[in-house]
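Heads up, query.cif below (mmCIF, C-alpha atoms):
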data_work
#
loop_
_atom_site.label_atom_id
_atom_site.label_comp_id
_atom_site.auth_asym_id
_atom_site.auth_seq_id
_atom_site.Cartn_x
_atom_site.Cartn_y
_atom_site.Cartn_z
CA MET A 99 52.97 -11.43 -58.34
CA ASN A 100 56.68 -11.76 -57.66
CA LYS A 101 59.28 -9.36 -59.00
CA LEU A 102 60.50 -11.66 -61.80
CA PHE A 103 57.05 -11.93 -63.40
CA LYS A 104 56.47 -8.18 -63.14
CA ILE A 105 59.74 -7.57 -64.97
CA GLN A 106 58.80 -10.10 -67.64
CA GLN A 107 55.49 -8.39 -68.27
CA LYS A 108 57.14 -4.97 -68.61
CA ILE A 109 60.21 -5.94 -70.67
CA VAL A 110 59.00 -8.90 -72.76
CA PRO A 111 55.18 -8.98 -72.55
CA GLU A 112 55.05 -11.22 -75.63
CA ILE A 113 56.67 -14.02 -73.59
CA VAL A 114 53.87 -13.88 -71.04
CA LYS A 115 51.24 -13.83 -73.80
CA THR A 116 52.86 -16.78 -75.59
CA ALA A 117 53.10 -18.77 -72.35
CA GLN A 118 49.41 -18.31 -71.59
CA GLN A 119 48.46 -19.16 -75.18
CA ARG A 120 50.50 -22.36 -75.19
CA TYR A 121 49.09 -23.27 -71.80
CA ASN A 122 45.58 -22.94 -73.23
CA ILE A 123 46.47 -25.05 -76.25
CA LEU A 124 48.10 -27.79 -74.19
CA ARG A 125 45.09 -27.92 -71.88
CA GLY A 126 42.81 -27.97 -74.91
CA ILE A 127 44.63 -31.04 -76.22
CA TYR A 128 44.58 -32.70 -72.79
CA TYR A 129 40.82 -32.34 -72.41
CA ASN A 130 39.80 -33.18 -75.98
CA GLN A 131 42.40 -35.68 -77.20
CA PRO A 132 42.69 -37.01 -79.78
CA ILE A 133 41.74 -33.77 -81.50
CA GLY A 134 42.35 -32.29 -84.95
CA ARG A 135 43.95 -28.91 -85.57
CA ARG A 136 40.79 -27.33 -86.96
CA ALA A 137 38.63 -28.46 -84.04
CA LEU A 138 41.22 -27.24 -81.55
CA ALA A 139 41.37 -23.84 -83.25
CA ARG A 140 37.58 -23.55 -83.09
CA ILE A 141 37.44 -24.46 -79.39
CA LEU A 142 40.17 -21.97 -78.43
CA GLY A 143 39.15 -19.19 -80.81
CA LEU A 144 42.58 -19.13 -82.47
CA SER A 145 43.65 -19.30 -86.10
CA GLU A 146 44.71 -22.63 -87.58
CA ARG A 147 48.07 -21.07 -88.42
CA THR A 148 48.69 -20.20 -84.78
CA ILE A 149 47.65 -23.68 -83.71
CA ARG A 150 49.90 -25.28 -86.35
CA ASN A 151 52.95 -23.27 -85.24
CA ASP A 152 52.49 -24.14 -81.58
CA LEU A 153 51.78 -27.81 -82.34
CA GLU A 154 55.07 -27.95 -84.24
CA PHE A 155 56.80 -26.50 -81.18
CA PHE A 156 55.14 -29.03 -78.85
CA GLU A 157 55.94 -31.96 -81.14
CA LYS A 158 59.58 -30.87 -81.44
CA HIS A 159 59.88 -31.02 -77.65
CA SER A 160 58.05 -34.37 -77.39
CA LEU A 161 55.09 -32.83 -75.55
CA ILE A 162 52.53 -34.19 -78.03
CA THR A 163 52.14 -36.79 -80.75
CA ILE A 164 50.34 -36.05 -84.01
CA SER A 165 48.64 -38.82 -85.98
CA PRO A 166 45.77 -39.14 -88.48
CA ALA A 167 43.46 -39.68 -85.48
CA GLY A 168 44.45 -36.31 -84.04
CA THR A 169 46.81 -34.75 -81.52
CA GLN A 170 47.44 -36.31 -78.13
CA ILE A 171 49.52 -35.23 -75.15
CA THR A 172 52.49 -37.38 -74.11
CA ARG A 173 53.61 -38.36 -70.61
CA ILE A 174 56.28 -35.64 -70.85
CA GLY A 175 53.57 -33.21 -71.94
CA GLU A 176 51.41 -34.06 -68.92
CA GLU A 177 54.34 -33.46 -66.59
CA PHE A 178 55.11 -30.16 -68.32
CA LEU A 179 51.46 -29.12 -68.01
CA VAL A 180 51.79 -29.52 -64.23
CA GLU A 181 54.78 -27.16 -64.26
CA LEU A 182 52.83 -24.70 -66.41
CA ASP A 183 49.95 -24.77 -63.91
CA GLU A 184 52.20 -23.23 -61.27
CA TYR A 185 53.73 -20.73 -63.71
CA ILE A 186 50.32 -19.47 -64.83
CA LYS A 187 49.23 -19.24 -61.20
CA GLU A 188 52.12 -16.89 -60.56
CA LEU A 189 51.28 -14.85 -63.65
CA ARG A 190 47.67 -14.42 -62.56
CA ASP A 191 48.44 -13.84 -58.87
CA ILE A 192 46.52 -17.01 -57.95
CA SER A 193 49.33 -18.19 -55.65
CA CYS A 194 49.11 -14.91 -53.72
CA LEU A 195 45.35 -15.37 -53.34
CA GLU A 196 45.90 -18.94 -52.06
CA ASN A 197 48.27 -17.62 -49.37
CA LYS A 198 45.77 -14.97 -48.31
CA LEU A 199 42.97 -17.53 -48.03
CA GLU A 200 45.16 -19.83 -45.93
CA LYS A 201 45.59 -17.02 -43.40
CA ILE A 202 41.95 -15.93 -43.46
CA LEU A 203 40.56 -19.46 -43.17
CA GLY A 204 43.25 -20.66 -40.76
CA ILE A 205 43.98 -23.84 -42.69
CA GLU A 206 47.32 -25.29 -43.72
CA LYS A 207 46.95 -25.34 -47.50
CA VAL A 208 44.59 -23.82 -50.07
CA LYS A 209 44.71 -24.74 -53.75
CA LEU A 210 42.66 -22.77 -56.26
CA VAL A 211 41.74 -24.15 -59.64
CA ASN A 212 42.38 -21.97 -62.66
CA GLY A 213 38.89 -21.74 -64.07
CA ALA A 214 39.49 -18.79 -66.39
CA VAL A 215 40.56 -20.83 -69.41
CA PRO A 216 37.46 -21.84 -71.44
CA VAL A 217 38.64 -25.37 -72.14
CA GLY A 218 37.08 -28.60 -70.94
CA ASP A 219 34.93 -29.34 -67.91
CA LEU A 220 35.83 -27.43 -64.73
CA ARG A 221 35.07 -30.57 -62.70
CA VAL A 222 37.72 -32.41 -64.66
CA GLU A 223 40.19 -29.62 -63.89
CA ILE A 224 39.35 -29.93 -60.19
CA GLY A 225 40.04 -33.66 -60.43
CA ARG A 226 43.35 -33.11 -62.22
CA MET A 227 44.60 -30.53 -59.70
CA ALA A 228 43.40 -32.55 -56.70
CA SER A 229 45.10 -35.71 -57.97
CA GLN A 230 48.37 -33.81 -58.37
CA LEU A 231 48.12 -32.54 -54.80
CA LEU A 232 47.31 -36.01 -53.50
CA LYS A 233 50.29 -37.61 -55.24
CA HIS A 234 52.54 -34.88 -53.87
CA GLU A 235 51.32 -35.18 -50.27
CA ILE A 236 50.93 -38.94 -49.84
CA LYS A 237 53.93 -40.91 -48.60
CA ASP A 238 54.92 -44.53 -48.02
CA GLY A 239 53.08 -46.13 -45.12
CA ASP A 240 50.00 -43.91 -45.44
CA ILE A 241 46.45 -45.26 -45.35
CA LEU A 242 44.09 -43.27 -47.55
CA ALA A 243 40.31 -43.36 -47.13
CA VAL A 244 38.08 -42.18 -49.98
CA THR A 245 34.35 -41.70 -50.20
CA GLY A 246 32.19 -41.85 -53.30
CA GLY A 247 30.74 -39.22 -55.59
CA THR A 248 31.46 -37.48 -58.89
CA THR A 249 34.26 -35.25 -57.58
CA LEU A 250 36.41 -38.06 -56.19
CA ALA A 251 35.64 -40.13 -59.26
CA ARG A 252 37.20 -37.31 -61.28
CA VAL A 253 40.25 -37.33 -59.00
CA ALA A 254 40.73 -41.05 -59.64
CA SER A 255 40.15 -40.67 -63.37
CA GLU A 256 42.57 -37.75 -63.82
CA MET A 257 45.34 -39.22 -61.66
CA THR A 258 48.36 -40.41 -63.64
CA TYR A 259 50.22 -43.62 -62.85
CA SER A 260 53.14 -43.22 -60.43
CA ALA A 261 56.55 -43.78 -61.98
CA GLU A 262 57.53 -45.64 -58.81
CA PRO A 263 54.99 -47.71 -56.81
CA LYS A 264 54.04 -46.23 -53.45
CA ASP A 265 53.66 -48.31 -50.29
CA VAL A 266 50.18 -47.01 -49.52
CA THR A 267 46.85 -48.64 -48.71
CA VAL A 268 43.55 -47.25 -50.00
CA VAL A 269 40.21 -48.12 -48.43
CA PRO A 270 36.64 -46.94 -49.06
CA GLY A 271 35.26 -44.64 -46.40
CA ARG A 272 31.68 -45.80 -46.91
CA GLY A 273 29.68 -48.71 -48.23
CA GLY A 274 28.13 -49.24 -51.64
CA LEU A 275 25.59 -46.80 -53.02
CA SER A 276 22.46 -47.33 -55.05
CA GLU A 277 23.98 -45.38 -57.93
CA ASP A 278 26.45 -45.68 -60.82
CA VAL A 279 29.23 -48.11 -59.90
CA GLU A 280 31.82 -45.69 -61.36
CA ILE A 281 31.27 -43.20 -58.54
CA GLN A 282 31.09 -45.69 -55.67
CA ALA A 283 33.78 -45.61 -52.98
CA ASN A 284 34.97 -49.17 -53.70
CA THR A 285 35.59 -48.40 -57.38
CA ILE A 286 37.38 -45.13 -56.62
CA ALA A 287 39.57 -46.73 -53.94
CA ALA A 288 40.66 -49.51 -56.31
CA LYS A 289 41.41 -47.11 -59.16
CA ILE A 290 43.47 -44.72 -57.01
CA ALA A 291 45.41 -47.61 -55.44
CA LYS A 292 46.31 -49.02 -58.85
CA LYS A 293 47.52 -45.65 -60.12
CA LEU A 294 49.62 -45.07 -57.00
CA GLY A 295 51.00 -48.60 -57.23
CA GLY A 296 49.64 -49.41 -53.76
CA THR A 297 47.14 -51.88 -52.36
CA TYR A 298 43.44 -51.60 -51.58
CA HIS A 299 40.69 -53.26 -49.56
CA LEU A 300 37.01 -53.18 -50.46
CA LEU A 301 34.04 -52.66 -48.17
CA HIS A 302 31.09 -54.81 -49.24
CA ILE A 303 28.41 -53.18 -47.11
CA PRO A 304 25.26 -51.46 -48.45
CA ASP A 305 25.40 -47.76 -47.65
CA ASN A 306 21.84 -47.80 -46.28
CA VAL A 307 21.98 -51.04 -44.24
CA ALA A 308 19.45 -51.27 -41.44
CA GLU A 309 20.91 -50.50 -38.01
CA GLU A 310 19.81 -53.84 -36.53
CA ASN A 311 21.90 -55.66 -39.16
CA ILE A 312 25.12 -53.69 -38.75
CA TYR A 313 26.50 -55.75 -35.85
CA HIS A 314 26.27 -59.07 -37.69
CA ILE A 315 27.61 -57.70 -41.00
CA THR A 316 30.67 -56.09 -39.41
CA LYS A 317 31.69 -59.42 -37.87
CA GLU A 318 32.30 -60.90 -41.31
CA PRO A 319 36.14 -61.38 -41.53
CA THR A 320 36.87 -59.39 -44.72
CA ILE A 321 34.58 -56.54 -43.70
CA LYS A 322 36.02 -56.48 -40.18
CA LYS A 323 39.56 -56.28 -41.60
CA THR A 324 38.71 -53.36 -43.88
CA LEU A 325 36.99 -51.49 -41.04
CA GLU A 326 40.05 -51.97 -38.82
CA ILE A 327 42.28 -50.49 -41.54
CA LEU A 328 39.79 -47.67 -42.08
CA LYS A 329 40.08 -46.66 -38.42
CA LYS A 330 43.82 -46.08 -38.94
CA SER A 331 43.41 -43.95 -42.07
#

Will you turn the file into structure tokens for me?
Amino acid sequence: MNKLFKIQQKIVPEIVKTAQQRYNILRGIYYNQPIGRRALARILGLSERTIRNDLEFFEKHSLITISPAGTQITRIGEEFLVELDEYIKELRDISCLENKLEKILGIEKVKLVNGAVPVGDLRVEIGRMASQLLKHEIKDGDILAVTGGTTLARVASEMTYSAEPKDVTVVPGRGGLSEDVEIQANTIAAKIAKKLGGTYHLLHIPDNVAEENIYHITKEPTIKKTLEILKKS
């Protein structure tokens, strides 16, 4: 933990406590929206009075909207939640642990998900954090290949739309699967491309195609084009 956060904890510990509480509440809204005040209080184990006071604070700063249907987070609120992620990481020494793991594992970047807050599905949190990292790292001209599965489906689902379209191309890294269409590579590639404001190409090949049929299938023009782009990803 850096020096600033240590001083905060010693001199004004209530600020640190309030920050973590509001972080929990904002995440609780994000994962359960639209949600009523009473339900949110029950999920977080807080009093309705505490929830009401913090909701008033969030609404005043345009972080949430409150309607008869319940409370929902705004675009500004989502962006602020990203900033809070990093702040809470510093408070809990998670950033320090990430740096240590980078050195131990010998890899360029490690990102740890804050799983200590009992709100929502941890897989959704992994998707949210991974989508943030992806949007930060990807740049114009990149070709992104994605495979299928529940984890990457979460990444696509939790990714927010880019304020400015990115000149990126997204392609599936494998063919279709005999499973839910929502977690197939083609679906995930299209969804991520749309949220980034880029383009995408689909790969209409069964994932378990017989080897003797591969040569003929890959000569089909649209499939051949996607495979050529995939090689450059």

Distance in Å - CA of Ala228 in chain A versus CA of Glu184 in chain A: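 CA of Glu184 in chain A lies 13.6 Å from CA of Ala228 in chain A.
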
Selected residue, from A:Leu195, A:Lys201, A:Arg135, A:Ser145, that lies nearest to Ala167 in chain A when counting only C-alpha atoms: A:Arg135

What is the CA of Leu220 in chain A-CA of Ser165 in chain A distance in Å, reported with one decimal?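 Answer for the CA of Leu220 in chain A to CA of Ser165 in chain A separation: 27.3 Å.
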
Counting only C-alpha atoms, find residues at most 12 Å from (41.2, -47.8, -38.6) (file frame) and give them as a short mmCIF file (atom, residue, chain, number, x, y, z; two decimals) with C-alpha atoms, in the coordinates of the input.
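The file below, result-v5.cif, is the result:
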data_model
loop_
_atom_site.label_atom_id
_atom_site.label_comp_id
_atom_site.auth_asym_id
_atom_site.auth_seq_id
_atom_site.Cartn_x
_atom_site.Cartn_y
_atom_site.Cartn_z
CA ASP A 240 50.00 -43.91 -45.44
CA ILE A 241 46.45 -45.26 -45.35
CA LEU A 242 44.09 -43.27 -47.55
CA ALA A 243 40.31 -43.36 -47.13
CA THR A 267 46.85 -48.64 -48.71
CA VAL A 268 43.55 -47.25 -50.00
CA VAL A 269 40.21 -48.12 -48.43
CA PRO A 270 36.64 -46.94 -49.06
CA GLY A 271 35.26 -44.64 -46.40
CA LYS A 322 36.02 -56.48 -40.18
CA LYS A 323 39.56 -56.28 -41.60
CA THR A 324 38.71 -53.36 -43.88
CA LEU A 325 36.99 -51.49 -41.04
CA GLU A 326 40.05 -51.97 -38.82
CA ILE A 327 42.28 -50.49 -41.54
CA LEU A 328 39.79 -47.67 -42.08
CA LYS A 329 40.08 -46.66 -38.42
CA LYS A 330 43.82 -46.08 -38.94
CA SER A 331 43.41 -43.95 -42.07
#

Point-to-point distance from CA of Gly168 in chain A to CA of Asn151 in chain A, Å rounded to tenths: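 CA of Asn151 in chain A lies 15.6 Å from CA of Gly168 in chain A.
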
Expanded to explicit residues, what is the PyMOL selection byres ((chain A and resi 171) around 12) for this file, as a count of residues only? 32

Please provide as JSON, numbers by chain all residues within 10 Å of Ala291 in chain A, with the sequence filter that same-chain residues fewer than 5 positions apart are discarded (counting all atoms listed in the file). {"A": [242, 254, 259, 263, 264, 265, 266, 267, 268, 269, 286, 296, 297, 298, 299]}

Residues near Arg136 in chain A, cut-off 10 Å, only C-alpha atoms, skip fewer than 6 positions along chain, as a count of residues only: 6

Excluding Leu231 in chain A and residues on its chain fewer than 5 positions from it, collect all residues at most 9 Å away from it, counting all atoms listed in the file, and give them as a ChimeraX atom specification. /A:209,226,236

Reference answer for the PyMOL selection byres ((chain A and resi 212) around 12), as a PyMOL selection string: chain A and resi 118+121-122+125+182-193+195-196+209-211+213-224+226-227

From the list A:Glu256, A:Ile113, A:Glu200, A:Ala261, the nearest residue to Ser229 in chain A using only C-alpha atoms is A:Glu256

Check which residues satisfy the PyMOL selection byres ((chain A and resi 303) around 10) in the file shown, then give them as a CSV table (one decimal) with C-alpha atoms, in the frame of the given file.
chain,number,residue,atom,x,y,z
A,272,ARG,CA,31.7,-45.8,-46.9
A,273,GLY,CA,29.7,-48.7,-48.2
A,274,GLY,CA,28.1,-49.2,-51.6
A,275,LEU,CA,25.6,-46.8,-53.0
A,300,LEU,CA,37.0,-53.2,-50.5
A,301,LEU,CA,34.0,-52.7,-48.2
A,302,HIS,CA,31.1,-54.8,-49.2
A,304,PRO,CA,25.3,-51.5,-48.4
A,305,ASP,CA,25.4,-47.8,-47.6
A,306,ASN,CA,21.8,-47.8,-46.3
A,307,VAL,CA,22.0,-51.0,-44.2
A,312,ILE,CA,25.1,-53.7,-38.8
A,315,ILE,CA,27.6,-57.7,-41.0
A,316,THR,CA,30.7,-56.1,-39.4
A,321,ILE,CA,34.6,-56.5,-43.7

Can you sort out the box for range 164-183 of chain A, edges along x, y and z, all listed atoms in, 5 Å on every side, with centre and edge lengths in Å to one decimal, as AutoDock Vina command-line options?
--center_x 49.9 --center_y -32.2 --center_z -76.2 --size_x 22.8 --size_y 25.0 --size_z 34.6
